[in-house]
file entry24.cif (mmCIF, N, CA and C atoms)
data_run
#
loop_
_atom_site.label_atom_id
_atom_site.label_comp_id
_atom_site.auth_asym_id
_atom_site.auth_seq_id
_atom_site.Cartn_x
_atom_site.Cartn_y
_atom_site.Cartn_z
N MET A 1 104.03 283.31 484.13
CA MET A 1 104.48 282.62 482.94
C MET A 1 104.20 283.50 481.73
N THR A 2 105.17 283.64 480.86
CA THR A 2 105.00 284.49 479.68
C THR A 2 104.11 283.80 478.65
N ALA A 3 103.59 284.58 477.71
CA ALA A 3 102.75 284.01 476.65
C ALA A 3 103.54 282.97 475.87
N SER A 4 104.83 283.23 475.66
CA SER A 4 105.67 282.28 474.94
C SER A 4 105.75 280.95 475.69
N ASP A 5 105.92 281.00 477.00
CA ASP A 5 106.00 279.78 477.81
C ASP A 5 104.67 279.03 477.79
N GLU A 6 103.56 279.77 477.89
CA GLU A 6 102.25 279.13 477.85
C GLU A 6 102.01 278.46 476.50
N PHE A 7 102.44 279.12 475.43
CA PHE A 7 102.31 278.57 474.08
C PHE A 7 103.08 277.25 473.98
N LYS A 8 104.32 277.24 474.43
CA LYS A 8 105.14 276.03 474.38
C LYS A 8 104.53 274.92 475.22
N LYS A 9 103.99 275.27 476.38
CA LYS A 9 103.35 274.27 477.24
C LYS A 9 102.17 273.62 476.53
N GLU A 10 101.36 274.44 475.87
CA GLU A 10 100.20 273.90 475.13
C GLU A 10 100.66 272.96 474.03
N LEU A 11 101.74 273.32 473.34
CA LEU A 11 102.21 272.50 472.22
C LEU A 11 102.85 271.19 472.68
N ARG A 12 103.23 271.08 473.92
CA ARG A 12 103.88 269.86 474.42
C ARG A 12 102.89 268.84 474.97
N ARG A 13 101.60 269.21 474.99
CA ARG A 13 100.60 268.28 475.52
C ARG A 13 100.57 267.01 474.69
N ASP A 14 100.40 265.87 475.34
CA ASP A 14 100.35 264.58 474.65
C ASP A 14 99.10 264.45 473.79
N ASP A 15 98.00 265.07 474.22
CA ASP A 15 96.74 264.95 473.48
C ASP A 15 96.54 266.10 472.50
N LEU A 16 97.63 266.72 472.09
CA LEU A 16 97.55 267.87 471.19
C LEU A 16 96.94 267.47 469.85
N ASP A 17 95.99 268.26 469.41
CA ASP A 17 95.38 268.07 468.11
C ASP A 17 95.31 269.42 467.40
N THR A 18 94.66 269.45 466.26
CA THR A 18 94.58 270.68 465.49
C THR A 18 93.89 271.79 466.25
N GLU A 19 92.83 271.45 466.99
CA GLU A 19 92.12 272.47 467.79
C GLU A 19 93.03 273.04 468.87
N GLY A 20 93.84 272.19 469.48
CA GLY A 20 94.78 272.65 470.50
C GLY A 20 95.81 273.61 469.93
N ILE A 21 96.24 273.32 468.72
CA ILE A 21 97.20 274.20 468.05
C ILE A 21 96.55 275.54 467.75
N ARG A 22 95.31 275.50 467.26
CA ARG A 22 94.60 276.75 466.99
C ARG A 22 94.46 277.58 468.27
N GLY A 23 94.11 276.94 469.36
CA GLY A 23 93.96 277.65 470.63
C GLY A 23 95.27 278.26 471.08
N ALA A 24 96.35 277.52 470.95
CA ALA A 24 97.67 278.02 471.35
C ALA A 24 98.07 279.22 470.48
N LEU A 25 97.81 279.11 469.18
CA LEU A 25 98.13 280.22 468.28
C LEU A 25 97.30 281.45 468.61
N LYS A 26 96.02 281.25 468.87
CA LYS A 26 95.14 282.37 469.19
C LYS A 26 95.64 283.08 470.45
N MET A 27 96.04 282.30 471.45
CA MET A 27 96.54 282.87 472.69
C MET A 27 97.82 283.68 472.43
N ALA A 28 98.74 283.11 471.66
CA ALA A 28 100.01 283.79 471.41
C ALA A 28 99.81 285.07 470.60
N LEU A 29 98.97 285.00 469.58
CA LEU A 29 98.77 286.17 468.73
C LEU A 29 98.00 287.27 469.45
N SER A 30 97.08 286.90 470.32
CA SER A 30 96.32 287.93 471.03
C SER A 30 97.21 288.75 471.94
N GLU A 31 98.29 288.17 472.41
CA GLU A 31 99.22 288.89 473.26
C GLU A 31 100.16 289.79 472.47
N ALA A 32 100.27 289.56 471.19
CA ALA A 32 101.31 290.25 470.41
C ALA A 32 100.78 291.29 469.44
N ILE A 33 99.49 291.47 469.34
CA ILE A 33 98.93 292.34 468.30
C ILE A 33 99.02 293.82 468.64
N GLU A 34 98.74 294.20 469.86
CA GLU A 34 98.65 295.63 470.17
C GLU A 34 99.39 295.95 471.46
N LEU A 35 100.00 297.10 471.44
CA LEU A 35 100.66 297.62 472.64
C LEU A 35 100.04 298.97 472.96
N LYS A 36 99.63 299.15 474.19
CA LYS A 36 99.00 300.41 474.62
C LYS A 36 99.84 300.98 475.77
N ILE A 37 100.27 302.22 475.59
CA ILE A 37 101.09 302.90 476.60
C ILE A 37 100.31 304.14 477.05
N THR A 38 100.04 304.22 478.35
CA THR A 38 99.26 305.33 478.88
C THR A 38 100.02 305.98 480.02
N THR A 39 100.11 307.30 479.95
CA THR A 39 100.68 308.10 481.04
C THR A 39 99.60 309.06 481.47
N TRP A 40 99.23 309.03 482.76
CA TRP A 40 98.23 309.98 483.21
C TRP A 40 98.56 310.50 484.58
N VAL A 41 98.03 311.65 484.86
CA VAL A 41 98.26 312.33 486.14
C VAL A 41 96.95 312.31 486.91
N VAL A 42 97.05 311.88 488.15
CA VAL A 42 95.88 311.87 489.03
C VAL A 42 95.91 313.18 489.80
N SER A 43 94.81 313.88 489.80
CA SER A 43 94.75 315.15 490.52
C SER A 43 94.78 314.88 492.03
N PRO A 44 95.28 315.85 492.81
CA PRO A 44 95.34 315.65 494.27
C PRO A 44 93.98 315.29 494.89
N ASP A 45 92.91 315.78 494.28
CA ASP A 45 91.58 315.47 494.81
C ASP A 45 91.22 313.99 494.65
N ASP A 46 91.83 313.33 493.67
CA ASP A 46 91.47 311.95 493.38
C ASP A 46 92.43 310.93 493.98
N VAL A 47 93.49 311.38 494.66
CA VAL A 47 94.44 310.46 495.27
C VAL A 47 93.71 309.60 496.29
N GLY A 48 93.89 308.30 496.16
CA GLY A 48 93.24 307.36 497.08
C GLY A 48 91.85 306.94 496.66
N SER A 49 91.29 307.57 495.65
CA SER A 49 89.95 307.16 495.18
C SER A 49 90.10 305.99 494.21
N GLU A 50 89.00 305.43 493.84
CA GLU A 50 88.99 304.29 492.93
C GLU A 50 88.86 304.74 491.48
N GLN A 51 89.44 305.86 491.12
CA GLN A 51 89.35 306.39 489.77
C GLN A 51 90.00 305.41 488.78
N ALA A 52 89.22 304.96 487.79
CA ALA A 52 89.72 304.01 486.81
C ALA A 52 90.21 304.70 485.55
N GLU A 53 89.74 305.89 485.29
CA GLU A 53 90.12 306.63 484.08
C GLU A 53 90.53 308.04 484.48
N PRO A 54 91.49 308.61 483.73
CA PRO A 54 91.91 309.98 484.04
C PRO A 54 90.85 310.99 483.61
N LYS A 55 90.91 312.14 484.22
CA LYS A 55 90.03 313.22 483.80
C LYS A 55 90.46 313.70 482.42
N PRO A 56 89.55 314.28 481.65
CA PRO A 56 89.91 314.78 480.32
C PRO A 56 91.10 315.75 480.40
N GLY A 57 92.04 315.55 479.48
CA GLY A 57 93.21 316.43 479.41
C GLY A 57 94.38 315.96 480.24
N TYR A 58 94.19 314.97 481.09
CA TYR A 58 95.24 314.52 482.01
C TYR A 58 95.88 313.20 481.56
N ARG A 59 95.74 312.87 480.29
CA ARG A 59 96.27 311.59 479.81
C ARG A 59 97.01 311.77 478.49
N MET A 60 98.12 311.02 478.37
CA MET A 60 98.79 310.81 477.08
C MET A 60 98.72 309.32 476.83
N GLN A 61 98.36 308.97 475.61
CA GLN A 61 98.21 307.55 475.30
C GLN A 61 98.71 307.27 473.89
N THR A 62 99.43 306.18 473.75
CA THR A 62 99.89 305.71 472.45
C THR A 62 99.47 304.26 472.30
N ARG A 63 98.82 303.95 471.18
CA ARG A 63 98.43 302.57 470.87
C ARG A 63 99.11 302.18 469.57
N ILE A 64 99.83 301.06 469.61
CA ILE A 64 100.55 300.58 468.44
C ILE A 64 99.97 299.22 468.07
N ASN A 65 99.42 299.12 466.87
CA ASN A 65 98.88 297.86 466.36
C ASN A 65 99.86 297.33 465.33
N ILE A 66 100.52 296.20 465.66
CA ILE A 66 101.56 295.70 464.76
C ILE A 66 101.00 294.98 463.55
N VAL A 67 99.74 294.57 463.60
CA VAL A 67 99.15 293.89 462.45
C VAL A 67 98.82 294.91 461.36
N ASP A 68 98.14 295.99 461.74
CA ASP A 68 97.74 297.00 460.77
C ASP A 68 98.80 298.07 460.57
N GLY A 69 99.77 298.16 461.48
CA GLY A 69 100.79 299.19 461.39
C GLY A 69 100.32 300.55 461.86
N ASP A 70 99.19 300.57 462.56
CA ASP A 70 98.63 301.83 463.03
C ASP A 70 99.27 302.27 464.34
N ILE A 71 99.51 303.57 464.45
CA ILE A 71 99.97 304.18 465.70
C ILE A 71 99.03 305.34 465.98
N ASP A 72 98.35 305.28 467.11
CA ASP A 72 97.44 306.35 467.51
C ASP A 72 98.00 307.02 468.75
N ASN A 73 98.03 308.35 468.73
CA ASN A 73 98.52 309.12 469.87
C ASN A 73 97.42 310.04 470.37
N GLU A 74 97.37 310.18 471.66
CA GLU A 74 96.47 311.13 472.30
C GLU A 74 97.31 311.92 473.30
N VAL A 75 97.23 313.23 473.24
CA VAL A 75 97.98 314.07 474.17
C VAL A 75 96.98 315.03 474.81
N GLY A 76 96.81 314.89 476.12
CA GLY A 76 95.89 315.76 476.84
C GLY A 76 96.44 317.18 476.95
N SER A 77 95.53 318.12 477.15
CA SER A 77 95.89 319.54 477.19
C SER A 77 96.87 319.87 478.31
N GLN A 78 96.87 319.11 479.37
CA GLN A 78 97.77 319.38 480.50
C GLN A 78 99.23 319.08 480.17
N PHE A 79 99.47 318.40 479.04
CA PHE A 79 100.84 318.04 478.65
C PHE A 79 101.38 318.92 477.53
N LEU A 80 100.57 319.85 477.07
CA LEU A 80 101.00 320.75 476.00
C LEU A 80 101.91 321.85 476.56
N THR A 81 102.44 322.67 475.69
CA THR A 81 103.44 323.67 476.04
C THR A 81 103.08 324.51 477.26
N ASN A 82 101.83 324.92 477.36
CA ASN A 82 101.45 325.77 478.49
C ASN A 82 100.89 324.98 479.67
N GLY A 83 100.89 323.65 479.59
CA GLY A 83 100.35 322.82 480.66
C GLY A 83 101.36 322.55 481.76
N PRO A 84 100.89 322.18 482.93
CA PRO A 84 101.79 321.96 484.07
C PRO A 84 102.60 320.66 484.00
N TYR A 85 102.28 319.77 483.05
CA TYR A 85 102.95 318.46 483.03
C TYR A 85 103.75 318.22 481.75
N THR A 86 104.25 319.29 481.16
CA THR A 86 104.99 319.15 479.89
C THR A 86 106.23 318.27 480.04
N GLU A 87 106.83 318.24 481.23
CA GLU A 87 108.04 317.43 481.43
C GLU A 87 107.74 315.93 481.33
N LEU A 88 106.49 315.55 481.45
CA LEU A 88 106.14 314.13 481.34
C LEU A 88 106.08 313.64 479.89
N ARG A 89 106.07 314.56 478.94
CA ARG A 89 106.06 314.15 477.52
C ARG A 89 107.28 313.31 477.19
N ASP A 90 108.46 313.75 477.64
CA ASP A 90 109.68 312.98 477.36
C ASP A 90 109.62 311.60 478.02
N PHE A 91 109.09 311.55 479.22
CA PHE A 91 108.91 310.26 479.90
C PHE A 91 108.03 309.34 479.04
N HIS A 92 106.92 309.89 478.56
CA HIS A 92 106.00 309.09 477.75
C HIS A 92 106.69 308.63 476.46
N LEU A 93 107.43 309.52 475.81
CA LEU A 93 108.14 309.14 474.58
C LEU A 93 109.18 308.05 474.84
N ASP A 94 109.84 308.10 475.99
CA ASP A 94 110.77 307.02 476.37
C ASP A 94 110.02 305.70 476.52
N GLN A 95 108.84 305.75 477.10
CA GLN A 95 108.03 304.55 477.27
C GLN A 95 107.60 303.99 475.90
N VAL A 96 107.28 304.88 474.97
CA VAL A 96 106.90 304.45 473.62
C VAL A 96 108.09 303.77 472.96
N GLN A 97 109.29 304.33 473.11
CA GLN A 97 110.48 303.69 472.53
C GLN A 97 110.70 302.32 473.16
N ASP A 98 110.54 302.23 474.48
CA ASP A 98 110.65 300.92 475.13
C ASP A 98 109.60 299.96 474.57
N GLY A 99 108.41 300.48 474.28
CA GLY A 99 107.35 299.67 473.70
C GLY A 99 107.74 299.13 472.33
N ARG A 100 108.38 299.96 471.54
CA ARG A 100 108.86 299.50 470.23
C ARG A 100 109.86 298.36 470.39
N ASP A 101 110.72 298.49 471.39
CA ASP A 101 111.68 297.42 471.66
C ASP A 101 110.96 296.14 472.07
N ILE A 102 109.91 296.28 472.86
CA ILE A 102 109.12 295.12 473.28
C ILE A 102 108.47 294.46 472.07
N ILE A 103 107.93 295.27 471.17
CA ILE A 103 107.31 294.73 469.95
C ILE A 103 108.35 293.96 469.13
N GLN A 104 109.54 294.54 469.00
CA GLN A 104 110.60 293.86 468.25
C GLN A 104 110.90 292.50 468.89
N GLN A 105 110.99 292.47 470.21
CA GLN A 105 111.26 291.20 470.89
C GLN A 105 110.09 290.23 470.71
N ASN A 106 108.86 290.75 470.74
CA ASN A 106 107.69 289.88 470.52
C ASN A 106 107.73 289.26 469.13
N LEU A 107 108.13 290.03 468.14
CA LEU A 107 108.22 289.49 466.78
C LEU A 107 109.26 288.38 466.69
N ILE A 108 110.38 288.58 467.37
CA ILE A 108 111.41 287.53 467.42
C ILE A 108 110.84 286.29 468.10
N ASN A 109 110.11 286.50 469.21
CA ASN A 109 109.50 285.37 469.91
C ASN A 109 108.48 284.66 469.04
N LEU A 110 107.69 285.42 468.26
CA LEU A 110 106.72 284.80 467.37
C LEU A 110 107.42 283.95 466.31
N GLN A 111 108.53 284.45 465.78
CA GLN A 111 109.28 283.65 464.81
C GLN A 111 109.68 282.32 465.44
N HIS A 112 110.18 282.39 466.65
CA HIS A 112 110.58 281.17 467.36
C HIS A 112 109.38 280.27 467.59
N LEU A 113 108.25 280.87 468.00
CA LEU A 113 107.05 280.07 468.26
C LEU A 113 106.55 279.38 467.00
N PHE A 114 106.63 280.06 465.86
CA PHE A 114 106.21 279.43 464.61
C PHE A 114 107.15 278.28 464.24
N GLY A 115 108.43 278.40 464.58
CA GLY A 115 109.35 277.28 464.37
C GLY A 115 108.96 276.09 465.22
N VAL A 116 108.61 276.36 466.48
CA VAL A 116 108.15 275.29 467.38
C VAL A 116 106.85 274.69 466.84
N LEU A 117 105.97 275.55 466.35
CA LEU A 117 104.71 275.08 465.78
C LEU A 117 104.95 274.16 464.59
N GLY A 118 105.87 274.55 463.72
CA GLY A 118 106.18 273.71 462.56
C GLY A 118 106.66 272.33 462.96
N SER A 119 107.56 272.26 463.92
CA SER A 119 108.07 270.95 464.36
C SER A 119 106.98 270.16 465.07
N THR A 120 106.09 270.84 465.78
CA THR A 120 104.99 270.16 466.46
C THR A 120 104.00 269.59 465.44
N MET A 121 103.71 270.36 464.40
CA MET A 121 102.81 269.86 463.35
C MET A 121 103.41 268.63 462.68
N LYS A 122 104.71 268.62 462.45
CA LYS A 122 105.35 267.44 461.88
C LYS A 122 105.22 266.25 462.81
N ARG A 123 105.39 266.50 464.12
CA ARG A 123 105.28 265.43 465.11
C ARG A 123 103.87 264.85 465.11
N ILE A 124 102.86 265.72 465.07
CA ILE A 124 101.48 265.25 465.06
C ILE A 124 101.18 264.48 463.78
N SER A 125 101.63 265.01 462.66
CA SER A 125 101.41 264.35 461.38
C SER A 125 102.08 262.98 461.37
N TYR A 126 103.31 262.91 461.87
CA TYR A 126 104.04 261.65 461.93
C TYR A 126 103.31 260.66 462.83
N ARG A 127 102.88 261.12 464.00
CA ARG A 127 102.18 260.26 464.96
C ARG A 127 100.88 259.74 464.36
N ASP A 128 100.09 260.62 463.74
CA ASP A 128 98.83 260.22 463.15
C ASP A 128 99.05 259.28 461.96
N HIS A 129 100.06 259.56 461.16
CA HIS A 129 100.37 258.73 459.99
C HIS A 129 100.71 257.31 460.43
N HIS A 130 101.54 257.16 461.45
CA HIS A 130 101.94 255.84 461.92
C HIS A 130 100.81 255.13 462.62
N ARG A 131 99.94 255.87 463.26
CA ARG A 131 98.80 255.26 463.93
C ARG A 131 97.86 254.66 462.89
N LEU A 132 97.68 255.35 461.76
CA LEU A 132 96.78 254.87 460.72
C LEU A 132 97.39 253.72 459.92
N GLU A 133 98.69 253.70 459.74
CA GLU A 133 99.33 252.69 458.90
C GLU A 133 99.91 251.51 459.65
N SER A 134 99.79 251.50 460.97
CA SER A 134 100.39 250.39 461.70
C SER A 134 99.61 249.12 461.37
N PRO A 135 100.32 248.06 461.07
CA PRO A 135 99.63 246.81 460.70
C PRO A 135 98.87 246.24 461.88
N THR A 136 97.83 245.51 461.55
CA THR A 136 97.07 244.86 462.62
C THR A 136 97.93 243.73 463.17
N PRO A 137 97.83 243.51 464.46
CA PRO A 137 98.68 242.46 465.04
C PRO A 137 98.33 241.09 464.47
N PRO A 138 99.28 240.20 464.39
CA PRO A 138 99.01 238.87 463.85
C PRO A 138 98.01 238.12 464.71
N SER A 139 97.30 237.25 464.08
CA SER A 139 96.30 236.44 464.78
C SER A 139 97.02 235.42 465.68
N PRO A 140 96.45 235.15 466.85
CA PRO A 140 97.11 234.18 467.74
C PRO A 140 96.91 232.75 467.25
N TYR A 141 96.22 232.55 466.13
CA TYR A 141 95.97 231.21 465.60
C TYR A 141 97.27 230.54 465.20
N ILE A 142 97.44 229.37 465.67
CA ILE A 142 98.61 228.56 465.28
C ILE A 142 98.05 227.38 464.49
N GLY A 143 98.60 227.15 463.35
CA GLY A 143 98.11 226.13 462.43
C GLY A 143 98.16 224.70 462.98
N PRO A 144 97.59 223.71 462.21
CA PRO A 144 97.51 222.32 462.69
C PRO A 144 98.83 221.66 462.91
#
call {"tool": "encode", "arguments": {"input": "entry24.cif", "output": "C-alpha cells"}}
result
Amino acid sequence: MTASDEFKKELRRDDLDTEGIRGALKMALSEAIELKITTWVVSPDDVGSEQAEPKPGYRMQTRINIVDGDIDNEVGSQFLTNGPYTELRDFHLDQVQDGRDIIQQNLINLQHLFGVLGSTMKRISYRDHHRLESPTPPSPYIGP
C-alpha cells in the first residue's frame, strides 16, 4: 500500500480526531521529504557476503531533500575518469532524473492529500459542531 493510500485510510476512520490527522500527516510527510539514490559496485570478493555498505570509493550517492532544497552528491573514486566503473555514472544520472520525476509526482500527491485533509477537517468540524448543538431529547413527561 502506498503512503498516499495509507494516508487516505487513516483519514476515513470513524473515530478520527485531531491527533489522528496529525499522525496521518506525519506519516505522509515523512515519506515525501527526502529521496536517496545509491549506486554501488560490490567487489568479486564480497559477492554473497552480508556486506551492508560499499567499500570506500565504490559508491555514488545522491540525496535530494525537497524541504530544504538541498542536493548532496558523492562520487567514489572508482567512478571517475580513470576508474573501472565510469560507464555507471550515466546510469546513476538516469536514476537521479527518475528520482526527480518521483519527487514531482509526490508533490502532486501531497497536493491531493491536503485537499482530502481539508475536506476531512470540515467533516470533523461539522460532526463535532452538530454533536455539541443537538438539542436534548424531549422529556417523556405527558401533562395532566
call {"tool": "closest_residue", "arguments": {"input": "entry24.cif", "among": "A:Val116, A:Ile66, A:Gly76, A:Gly57", "to": "Lys8 of chain A", "atoms": "all atoms listed in the file"}}
result
A:Val116
call {"tool": "atom_distance", "arguments": {"input": "entry24.cif", "atom1": "atom CA of Val41 of chain A", "atom2": "atom CA of Arg100 of chain A"}}
result
23.0 Å
call {"tool": "resolve_selection", "arguments": {"input": "entry24.cif", "expression": "the PyMOL selection byres ((chain A and resi 79-90) around 8)", "output": "list in words"}}
result
Thr39, Gly57, Tyr58, Arg59, Met60, Val75, Gly76, Ser77, Gln78, Phe91, His92, Leu93, Asp94, Gln95 and Val96 of chain A
call {"tool": "write_last_selection", "arguments": {"input": "entry24.cif", "atoms": "N, CA and C atoms", "output": "mmCIF file, in the coordinates of the input"}}
result
data_model
loop_
_atom_site.group_PDB
_atom_site.id
_atom_site.type_symbol
_atom_site.label_atom_id
_atom_site.label_comp_id
_atom_site.auth_asym_id
_atom_site.auth_seq_id
_atom_site.Cartn_x
_atom_site.Cartn_y
_atom_site.Cartn_z
ATOM 1 N N THR A 39 100.110 307.300 479.950
ATOM 2 C CA THR A 39 100.680 308.100 481.040
ATOM 3 C C THR A 39 99.600 309.060 481.470
ATOM 4 N N GLY A 57 92.040 315.550 479.480
ATOM 5 C CA GLY A 57 93.210 316.430 479.410
ATOM 6 C C GLY A 57 94.380 315.960 480.240
ATOM 7 N N TYR A 58 94.190 314.970 481.090
ATOM 8 C CA TYR A 58 95.240 314.520 482.010
ATOM 9 C C TYR A 58 95.880 313.200 481.560
ATOM 10 N N ARG A 59 95.740 312.870 480.290
ATOM 11 C CA ARG A 59 96.270 311.590 479.810
ATOM 12 C C ARG A 59 97.010 311.770 478.490
ATOM 13 N N MET A 60 98.120 311.020 478.370
ATOM 14 C CA MET A 60 98.790 310.810 477.080
ATOM 15 C C MET A 60 98.720 309.320 476.830
ATOM 16 N N VAL A 75 97.230 313.230 473.240
ATOM 17 C CA VAL A 75 97.980 314.070 474.170
ATOM 18 C C VAL A 75 96.980 315.030 474.810
ATOM 19 N N GLY A 76 96.810 314.890 476.120
ATOM 20 C CA GLY A 76 95.890 315.760 476.840
ATOM 21 C C GLY A 76 96.440 317.180 476.950
ATOM 22 N N SER A 77 95.530 318.120 477.150
ATOM 23 C CA SER A 77 95.890 319.540 477.190
ATOM 24 C C SER A 77 96.870 319.870 478.310
ATOM 25 N N GLN A 78 96.870 319.110 479.370
ATOM 26 C CA GLN A 78 97.770 319.380 480.500
ATOM 27 C C GLN A 78 99.230 319.080 480.170
ATOM 28 N N PHE A 91 109.090 311.550 479.220
ATOM 29 C CA PHE A 91 108.910 310.260 479.900
ATOM 30 C C PHE A 91 108.030 309.340 479.040
ATOM 31 N N HIS A 92 106.920 309.890 478.560
ATOM 32 C CA HIS A 92 106.000 309.090 477.750
ATOM 33 C C HIS A 92 106.690 308.630 476.460
ATOM 34 N N LEU A 93 107.430 309.520 475.810
ATOM 35 C CA LEU A 93 108.140 309.140 474.580
ATOM 36 C C LEU A 93 109.180 308.050 474.840
ATOM 37 N N ASP A 94 109.840 308.100 475.990
ATOM 38 C CA ASP A 94 110.770 307.020 476.370
ATOM 39 C C ASP A 94 110.020 305.700 476.520
ATOM 40 N N GLN A 95 108.840 305.750 477.100
ATOM 41 C CA GLN A 95 108.030 304.550 477.270
ATOM 42 C C GLN A 95 107.600 303.990 475.900
ATOM 43 N N VAL A 96 107.280 304.880 474.970
ATOM 44 C CA VAL A 96 106.900 304.450 473.620
ATOM 45 C C VAL A 96 108.090 303.770 472.960
#
call {"tool": "closest_residue", "arguments": {"input": "entry24.cif", "among": "A:Trp40, A:Ile33, A:Glu10, A:Met27", "to": "Gln104 of chain A", "atoms": "only C-alpha atoms"}}
result
A:Ile33
call {"tool": "atom_distance", "arguments": {"input": "entry24.cif", "atom1": "atom CA of Gly118 of chain A", "atom2": "atom N of Lys26 of chain A"}}
result
14.1 Å
call {"tool": "atom_distance", "arguments": {"input": "entry24.cif", "atom1": "atom N of Ala24 of chain A", "atom2": "atom CA of Phe114 of chain A"}}
result
11.9 Å
call {"tool": "resolve_selection", "arguments": {"input": "entry24.cif", "expression": "the PyMOL selection byres (((chain A and resi 62 and name CA) around 8) and name CA)", "output": "list in words"}}
result
Lys36, Ile37, Thr38, Met60, Gln61, Arg63, Ile64, Ile71, Asp72, Asn73, Glu74 and Val96 of chain A
call {"tool": "select_by_dssp", "arguments": {"input": "entry24.cif", "residues": "segment 44-86 of chain A", "states": "helix (DSSP H, G or I)", "output": "compact mmCIF listing (two decimals) with N, CA and C atoms, in the coordinates of the input"}}
result
# COMPACT_ATOMS: atom_id res chain seq x y z
N PRO A 44 95.28 315.85 492.81
CA PRO A 44 95.34 315.65 494.27
C PRO A 44 93.98 315.29 494.89
N ASP A 45 92.91 315.78 494.28
CA ASP A 45 91.58 315.47 494.81
C ASP A 45 91.22 313.99 494.65
N ASP A 46 91.83 313.33 493.67
CA ASP A 46 91.47 311.95 493.38
C ASP A 46 92.43 310.93 493.98
N SER A 77 95.53 318.12 477.15
CA SER A 77 95.89 319.54 477.19
C SER A 77 96.87 319.87 478.31
N GLN A 78 96.87 319.11 479.37
CA GLN A 78 97.77 319.38 480.50
C GLN A 78 99.23 319.08 480.17
N PHE A 79 99.47 318.40 479.04
CA PHE A 79 100.84 318.04 478.65
C PHE A 79 101.38 318.92 477.53
